[in-house]
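Participant: My structure is stored as coords.pdb, with PDB, C-alpha atoms.
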ATOM      1  CA  MET A   9     -14.968 -14.197 -17.304
ATOM      2  CA  SER A  10     -16.167 -16.782 -14.811
ATOM      3  CA  PRO A  11     -19.503 -16.326 -13.028
ATOM      4  CA  ARG A  12     -19.034 -14.955  -9.543
ATOM      5  CA  ARG A  13     -19.634 -17.426  -6.760
ATOM      6  CA  SER A  14     -21.723 -16.263  -3.851
ATOM      7  CA  TYR A  15     -22.196 -17.297  -0.259
ATOM      8  CA  ASP A  16     -25.916 -16.621  -0.818
ATOM      9  CA  GLN A  17     -26.206 -15.061   2.618
ATOM     10  CA  TYR A  18     -28.094 -11.852   3.357
ATOM     11  CA  CYS A  19     -25.181 -10.361   5.318
ATOM     12  CA  SER A  20     -22.998  -7.400   4.385
ATOM     13  CA  ALA A  21     -19.800  -9.243   5.364
ATOM     14  CA  ALA A  22     -20.773 -12.190   3.178
ATOM     15  CA  ARG A  23     -21.648  -9.849   0.301
ATOM     16  CA  ALA A  24     -18.273  -8.120   0.680
ATOM     17  CA  LEU A  25     -16.483 -11.470   0.572
ATOM     18  CA  ASP A  26     -18.445 -12.353  -2.561
ATOM     19  CA  VAL A  27     -16.561  -9.468  -4.201
ATOM     20  CA  VAL A  28     -13.116  -9.403  -2.553
ATOM     21  CA  GLY A  29     -12.791 -12.818  -0.900
ATOM     22  CA  ASP A  30     -11.025 -14.573  -3.778
ATOM     23  CA  ARG A  31      -7.303 -15.262  -3.421
ATOM     24  CA  TRP A  32      -5.136 -12.359  -4.705
ATOM     25  CA  THR A  33      -7.932  -9.778  -4.988
ATOM     26  CA  LEU A  34      -6.998  -7.710  -1.938
ATOM     27  CA  LEU A  35      -3.294  -7.921  -2.783
ATOM     28  CA  ILE A  36      -4.081  -6.527  -6.229
ATOM     29  CA  VAL A  37      -5.870  -3.677  -4.438
ATOM     30  CA  ARG A  38      -2.739  -3.172  -2.314
ATOM     31  CA  GLU A  39      -0.676  -2.742  -5.474
ATOM     32  CA  LEU A  40      -3.201  -0.438  -7.146
ATOM     33  CA  LEU A  41      -3.269   1.867  -4.135
ATOM     34  CA  ALA A  42       0.000   3.095  -5.656
ATOM     35  CA  GLY A  43      -1.933   4.405  -8.667
ATOM     36  CA  PRO A  44      -2.302   3.089 -12.227
ATOM     37  CA  ARG A  45      -0.236  -0.024 -12.931
ATOM     38  CA  ARG A  46       0.477  -2.021 -16.070
ATOM     39  CA  TYR A  47      -0.320  -5.714 -16.116
ATOM     40  CA  THR A  48       3.385  -6.595 -16.335
ATOM     41  CA  ASP A  49       4.176  -4.437 -13.302
ATOM     42  CA  LEU A  50       1.381  -6.037 -11.301
ATOM     43  CA  HIS A  51       2.600  -9.496 -12.221
ATOM     44  CA  ALA A  52       6.174  -8.615 -11.207
ATOM     45  CA  ASP A  53       5.065  -7.322  -7.789
ATOM     46  CA  LEU A  54       2.722 -10.238  -7.051
ATOM     47  CA  PRO A  55       5.198 -13.144  -7.010
ATOM     48  CA  GLY A  56       3.401 -16.470  -7.035
ATOM     49  CA  VAL A  57       0.330 -15.447  -9.021
ATOM     50  CA  SER A  58      -0.114 -17.105 -12.413
ATOM     51  CA  THR A  59      -0.816 -15.004 -15.494
ATOM     52  CA  ASP A  60      -4.199 -16.708 -15.929
ATOM     53  CA  VAL A  61      -5.285 -16.048 -12.348
ATOM     54  CA  LEU A  62      -4.134 -12.409 -12.446
ATOM     55  CA  ALA A  63      -5.978 -11.789 -15.716
ATOM     56  CA  SER A  64      -9.106 -13.447 -14.314
ATOM     57  CA  ARG A  65      -9.008 -11.434 -11.086
ATOM     58  CA  LEU A  66      -8.556  -8.153 -12.960
ATOM     59  CA  LYS A  67     -11.544  -8.927 -15.168
ATOM     60  CA  ASP A  68     -13.638  -9.804 -12.121
ATOM     61  CA  MET A  69     -12.575  -6.616 -10.347
ATOM     62  CA  GLU A  70     -13.469  -4.514 -13.374
ATOM     63  CA  ARG A  71     -16.865  -6.220 -13.608
ATOM     64  CA  ASP A  72     -17.497  -5.576  -9.911
ATOM     65  CA  GLY A  73     -16.629  -1.883 -10.170
ATOM     66  CA  LEU A  74     -13.382  -2.013  -8.206
ATOM     67  CA  THR A  75     -11.042  -1.192 -11.084
ATOM     68  CA  THR A  76     -11.029   0.341 -14.532
ATOM     69  CA  ARG A  77      -8.696  -0.233 -17.455
ATOM     70  CA  ARG A  78      -7.556   2.539 -19.790
ATOM     71  CA  ARG A  79      -4.984   3.048 -22.495
ATOM     72  CA  LEU A  80      -2.179   5.521 -21.888
ATOM     73  CA  PRO A  81      -1.656   8.187 -24.548
ATOM     74  CA  PRO A  82       1.427   7.955 -26.821
ATOM     75  CA  PRO A  83       4.280   7.375 -26.388
ATOM     76  CA  GLY A  84       3.179   5.019 -23.588
ATOM     77  CA  ALA A  85       0.317   3.380 -25.493
ATOM     78  CA  ALA A  86       0.001   0.666 -22.838
ATOM     79  CA  TYR A  87      -3.052  -0.352 -20.863
ATOM     80  CA  VAL A  88      -3.088   0.374 -17.153
ATOM     81  CA  TYR A  89      -5.392  -0.706 -14.346
ATOM     82  CA  GLU A  90      -6.488   1.641 -11.595
ATOM     83  CA  LEU A  91      -8.855   1.644  -8.671
ATOM     84  CA  THR A  92     -12.260   3.255  -8.827
ATOM     85  CA  SER A  93     -13.486   5.285  -5.875
ATOM     86  CA  ARG A  94     -15.270   2.113  -4.743
ATOM     87  CA  GLY A  95     -12.019   0.160  -4.917
ATOM     88  CA  ARG A  96     -10.127   2.853  -3.068
ATOM     89  CA  GLU A  97     -12.579   2.527  -0.185
ATOM     90  CA  LEU A  98     -10.818  -0.760   0.581
ATOM     91  CA  LEU A  99      -7.800   1.128   1.997
ATOM     92  CA  PRO A 100      -9.100   1.077   5.605
ATOM     93  CA  VAL A 101     -10.007  -2.600   5.124
ATOM     94  CA  LEU A 102      -6.406  -3.400   4.199
ATOM     95  CA  GLN A 103      -5.159  -1.212   7.031
ATOM     96  CA  ALA A 104      -7.340  -3.101   9.497
ATOM     97  CA  LEU A 105      -6.194  -6.447   8.089
ATOM     98  CA  GLY A 106      -2.593  -5.314   8.453
ATOM     99  CA  THR A 107      -3.160  -4.373  12.071
ATOM    100  CA  TRP A 108      -4.912  -7.676  12.756
ATOM    101  CA  GLY A 109      -2.098  -9.567  11.031
ATOM    102  CA  GLU A 110       0.743  -7.951  12.964
ATOM    103  CA  GLY A 111       1.007 -10.982  15.213
ATOM    104  CA  GLU A 112       1.097 -13.328  12.226
ATOM    105  CA  LEU A 113       4.103 -11.720  10.556
ATOM    106  CA  GLY A 114       6.775 -13.411  12.658
ATOM    107  CA  GLU A 115      10.239 -13.960  11.261
ATOM    108  CA  ARG A 116      10.787 -13.724   7.540
ATOM    109  CA  ARG A 117      10.895 -17.211   6.005
ATOM    110  CA  PRO A 118      13.490 -18.161   3.357
ATOM    111  CA  THR A 119      10.677 -18.511   0.816
ATOM    112  CA  ASP A 120       9.116 -15.105   1.591
ATOM    113  CA  ALA A 121       9.327 -12.544  -1.201
ATOM    114  CA  LEU A 122       9.767  -8.897  -0.227
ATOM    115  CA  ARG A 123       9.218  -5.606  -2.006
ATOM    116  CA  ALA A 124      10.182  -2.350  -0.322
ATOM    117  CA  HIS A 125       6.799  -0.768  -1.023
ATOM    118  CA  TRP A 126       5.005  -3.550   0.899
ATOM    119  CA  PHE A 127       6.007  -1.563   3.995
ATOM    120  CA  ALA A 128       4.047   1.450   2.697
ATOM    121  CA  LEU A 129       0.728   0.658   4.386
ATOM    122  CA  PRO A 130       2.230  -0.104   7.832
ATOM    123  CA  LEU A 131       4.249   3.123   7.657
ATOM    124  CA  LEU A 132       1.162   5.088   6.600
ATOM    125  CA  ARG A 133      -0.538   3.831   9.757
ATOM    126  CA  GLY A 134       2.545   4.705  11.779
ATOM    127  CA  LEU A 135       2.729   8.244  10.406
ATOM    128  CA  ALA A 136      -0.943   9.080  10.886
ATOM    129  CA  GLY A 137      -0.304  10.569  14.305
ATOM    130  CA  ALA A 138       2.439  12.855  12.997
ATOM    131  CA  VAL A 139       0.089  14.161  10.313
ATOM    132  CA  GLU A 140      -2.538  14.890  12.959
ATOM    133  CA  VAL A 141       0.053  16.891  14.871
ATOM    134  CA  SER A 142       1.213  18.794  11.777
ATOM    135  CA  GLY A 143      -2.390  19.288  10.645
ATOM    136  CA  SER A 144      -1.868  18.651   6.934
ATOM    137  CA  THR A 145      -1.175  16.040   4.296
ATOM    138  CA  ALA A 146       2.429  15.248   3.524
ATOM    139  CA  LEU A 147       4.676  13.743   0.873
ATOM    140  CA  VAL A 148       7.227  11.460   2.529
ATOM    141  CA  GLU A 149      10.136   9.716   0.811
ATOM    142  CA  VAL A 150      11.313   6.439   2.357
ATOM    143  CA  ARG A 151      14.719   4.901   1.710
ATOM    144  CA  LEU A 152      15.559   1.294   2.555
ATOM    145  CA  ASP A 153      18.411  -0.910   1.363
ATOM    146  CA  GLU A 154      15.743  -2.867  -0.556
ATOM    147  CA  GLY A 155      14.562   0.209  -2.462
ATOM    148  CA  GLU A 156      12.809   3.560  -2.286
ATOM    149  CA  PHE A 157       9.148   4.478  -2.209
ATOM    150  CA  HIS A 158       7.095   7.489  -1.264
ATOM    151  CA  LEU A 159       3.948   8.039   0.765
ATOM    152  CA  HIS A 160       1.073  10.481   0.344
ATOM    153  CA  VAL A 161       0.235  10.631   4.039
ATOM    154  CA  GLY A 162      -3.282  11.795   4.805
ATOM    155  CA  ALA A 163      -4.306  11.897   1.121
ATOM    156  CA  GLN A 164      -8.038  11.610   0.572
ATOM    157  CA  ASP A 165      -7.893  11.071  -3.196
ATOM    158  CA  GLY A 166      -5.467   9.502  -5.629
ATOM    159  CA  PRO A 167      -2.549   7.180  -4.852
ATOM    160  CA  VAL A 168      -1.523   6.719  -1.224
ATOM    161  CA  TYR A 169       2.005   5.581  -2.092
ATOM    162  CA  GLY A 170       4.282   5.014  -5.065
ATOM    163  CA  ASP A 171       7.471   3.220  -6.046
ATOM    164  CA  GLY A 172      10.704   5.130  -6.313
ATOM    165  CA  PRO A 173      11.711   8.609  -5.119
ATOM    166  CA  ALA A 174       9.090  11.257  -4.408
ATOM    167  CA  PRO A 175       7.860  13.025  -7.569
ATOM    168  CA  ALA A 176       8.448  16.420  -5.946
ATOM    169  CA  GLU A 177      10.409  17.810  -3.022
ATOM    170  CA  PRO A 178       9.152  15.760  -0.065
ATOM    171  CA  ASP A 179       8.056  17.193   3.239
ATOM    172  CA  ALA A 180      10.225  14.577   4.953
ATOM    173  CA  ARG A 181      12.741  11.899   4.061
ATOM    174  CA  LEU A 182      12.998   8.780   6.197
ATOM    175  CA  VAL A 183      16.017   6.477   6.124
ATOM    176  CA  LEU A 184      15.672   3.117   7.862
ATOM    177  CA  ASP A 185      16.242  -0.593   7.372
ATOM    178  CA  ALA A 186      13.896  -3.522   6.824
ATOM    179  CA  ASP A 187      14.255  -4.695  10.433
ATOM    180  CA  THR A 188      12.961  -1.354  11.682
ATOM    181  CA  CYS A 189      10.094  -1.446   9.186
ATOM    182  CA  THR A 190       9.301  -4.956  10.339
ATOM    183  CA  ALA A 191       9.196  -3.857  13.985
ATOM    184  CA  VAL A 192       6.668  -1.164  13.072
ATOM    185  CA  ALA A 193       4.671  -3.567  10.878
ATOM    186  CA  GLN A 194       4.564  -6.139  13.694
ATOM    187  CA  GLY A 195       3.375  -3.552  16.199
ATOM    188  CA  ARG A 196       6.468  -4.034  18.375
ATOM    189  CA  SER A 197       7.424  -0.398  17.980
ATOM    190  CA  THR A 198       6.148   2.882  16.563
ATOM    191  CA  VAL A 199       7.607   5.354  14.108
ATOM    192  CA  PRO A 200       8.198   8.052  16.791
ATOM    193  CA  GLU A 201       9.892   5.493  19.052
ATOM    194  CA  GLU A 202      12.231   4.440  16.235
ATOM    195  CA  VAL A 203      12.999   8.088  15.436
ATOM    196  CA  ARG A 204      13.879   8.767  19.088
ATOM    197  CA  ALA A 205      16.087   5.650  19.146
ATOM    198  CA  GLY A 206      17.944   6.847  16.068
ATOM    199  CA  ARG A 207      16.879   3.888  13.931
ATOM    200  CA  ILE A 208      14.860   6.139  11.609
ATOM    201  CA  GLY A 209      16.693   9.137  10.253
ATOM    202  CA  VAL A 210      14.453  12.137   9.468
ATOM    203  CA  THR A 211      15.388  15.054   7.255
ATOM    204  CA  GLY A 212      13.282  17.750   5.643
ATOM    205  CA  ASP A 213      11.659  21.057   6.502
ATOM    206  CA  GLY A 214       8.003  20.061   6.297
ATOM    207  CA  ALA A 215       5.651  20.099   9.258
ATOM    208  CA  ILE A 216       5.623  16.305   9.426
ATOM    209  CA  ALA A 217       9.440  16.164   9.635
ATOM    210  CA  LYS A 218       9.392  18.637  12.494
ATOM    211  CA  ALA A 219       6.579  16.734  14.237
ATOM    212  CA  LEU A 220       8.546  13.479  14.003
ATOM    213  CA  ARG A 221      11.750  15.037  15.321
ATOM    214  CA  ASN A 222       9.842  16.559  18.236
ATOM    215  CA  ALA A 223       7.736  13.473  19.027
TER
END
Could you render the structure as structure tokens?
Facilitator:
Amino acid sequence: MSPRRSYDQYCSAARALDVVGDRWTLLIVRELLAGPRRYTDLHADLPGVSTDVLASRLKDMERDGLTTRRRLPPPGAAYVYELTSRGRELLPVLQALGTWGEGELGERRPTDALRAHWFALPLLRGLAGAVEVSGSTALVEVRLDEGEFHLHVGAQDGPVYGDGPAPAEPDARLVLDADTCTAVAQGRSTVPEEVRAGRIGVTGDGAIAKALRNA
């Protein structure tokens, strides 16, 4: 484990960057907001990171109290990494970075990798208003051509999203394409606007589904 470099500045922003300012750290947090992940899964969903760098970042994050590592019980018997409560507090930081970066997204480049669940955080932001209207948390399943994921909208503890179909009957199912997700992620449109335009299909009987259909 390498010694942590510091800006040596008595400033909370500088201290924060001492911990999370290294390349890949915040993207590892993005992945772990989905809940416990195995090293191999993290490596697969962080294209471009070397095995050495990923291992080093995970060790640093564990040292700094952002993550923990534990062994799954049989038959899994694999090690997984997960965020601590301190690490999970970075969710609004990533949300703010995503909002700030909307104008930087632009057109997808030929070299740009894409995972369906990378749209999870922009959609969580976009669905926040619907949750306020419905007055509760919600489990939302999202289907794109690129894959499926689910969102725990309004959750205060635990994962905020996950890969694959919802683990239980969702309060709403959204069907849309990557272009529509991109429009929301870029701030060019909102989830209710895309629902009204028919570019996001909404099914389900939960309060959030009804709020979206009536938005």
Participant: To box range 70-78 of chain A, take all atoms listed in the file, fit an axis-aligned box, add 8 Å on each side, and give centre and edge lengths in Å to one decimal, as AutoDock Vina command-line options.
Facilitator:
--center_x -12.5 --center_y -1.8 --center_z -14.0 --size_x 25.9 --size_y 24.8 --size_z 27.6
Participant: List as a list in words the protein and nucleic acid residues near range 23-28 of chain A, meaning an atom at most 8 Å away when only C-alpha atoms are counted, but skip any in the same chain fewer than 2 places from it.
Facilitator: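 Result of the neighbour search: Arg12, Arg13, Ser14, Tyr15, Gln17, Tyr18, Cys19, Ser20, Ala21, Asp30, Thr33, Leu34, Met69 and Asp72 of chain A.
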Participant: Write out, as a PDB file, in the frame of the given file, the residues just selected, with C-alpha atoms.
Facilitator:
ATOM      1  CA  ARG A  12     -19.034 -14.955  -9.543  1.00  0.00           C
ATOM      2  CA  ARG A  13     -19.634 -17.426  -6.760  1.00  0.00           C
ATOM      3  CA  SER A  14     -21.723 -16.263  -3.851  1.00  0.00           C
ATOM      4  CA  TYR A  15     -22.196 -17.297  -0.259  1.00  0.00           C
ATOM      5  CA  GLN A  17     -26.206 -15.061   2.618  1.00  0.00           C
ATOM      6  CA  TYR A  18     -28.094 -11.852   3.357  1.00  0.00           C
ATOM      7  CA  CYS A  19     -25.181 -10.361   5.318  1.00  0.00           C
ATOM      8  CA  SER A  20     -22.998  -7.400   4.385  1.00  0.00           C
ATOM      9  CA  ALA A  21     -19.800  -9.243   5.364  1.00  0.00           C
ATOM     10  CA  ASP A  30     -11.025 -14.573  -3.778  1.00  0.00           C
ATOM     11  CA  THR A  33      -7.932  -9.778  -4.988  1.00  0.00           C
ATOM     12  CA  LEU A  34      -6.998  -7.710  -1.938  1.00  0.00           C
ATOM     13  CA  MET A  69     -12.575  -6.616 -10.347  1.00  0.00           C
ATOM     14  CA  ASP A  72     -17.497  -5.576  -9.911  1.00  0.00           C
TER      15      ASP A  72
END
Participant: Identify which of the residues A:Gly43, A:Gly29, A:Gly73, A:Pro55 lies closest to Leu159 in chain A, counting all atoms listed in the file when measuring atom-to-atom distances.
Facilitator: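 Looking at the shortest contact to Leu159 in chain A, the residue is A:Gly43.
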Participant: Once the PyMOL selection byres ((chain A and resi 165) around 12) is applied to the coordinates I shared, what remains selected? I want it as a PyMOL selection string.
Facilitator: chain A and resi 41-43+91-97+99+145+160-164+166-169
Participant: By how many Å are CA of Ile216 in chain A and CA of Trp126 in chain A apart?
Facilitator: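 Between these atoms lies a distance of 21.6 Å.
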Participant: Between CA of Asp179 in chain A and CA of Leu147 in chain A, what distance in Å does the model show, to one decimal?
Facilitator: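 The value is 5.4 Å.
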Participant: Can you tell me, as an NGL selection string, what residues are no more than 12 Å from range 57-59 of chain A when counting only C-alpha atoms, ignoring any on the same chain fewer than 2 positions away?
Facilitator: :A and (31-33 or 35-36 or 47-55 or 61-66)
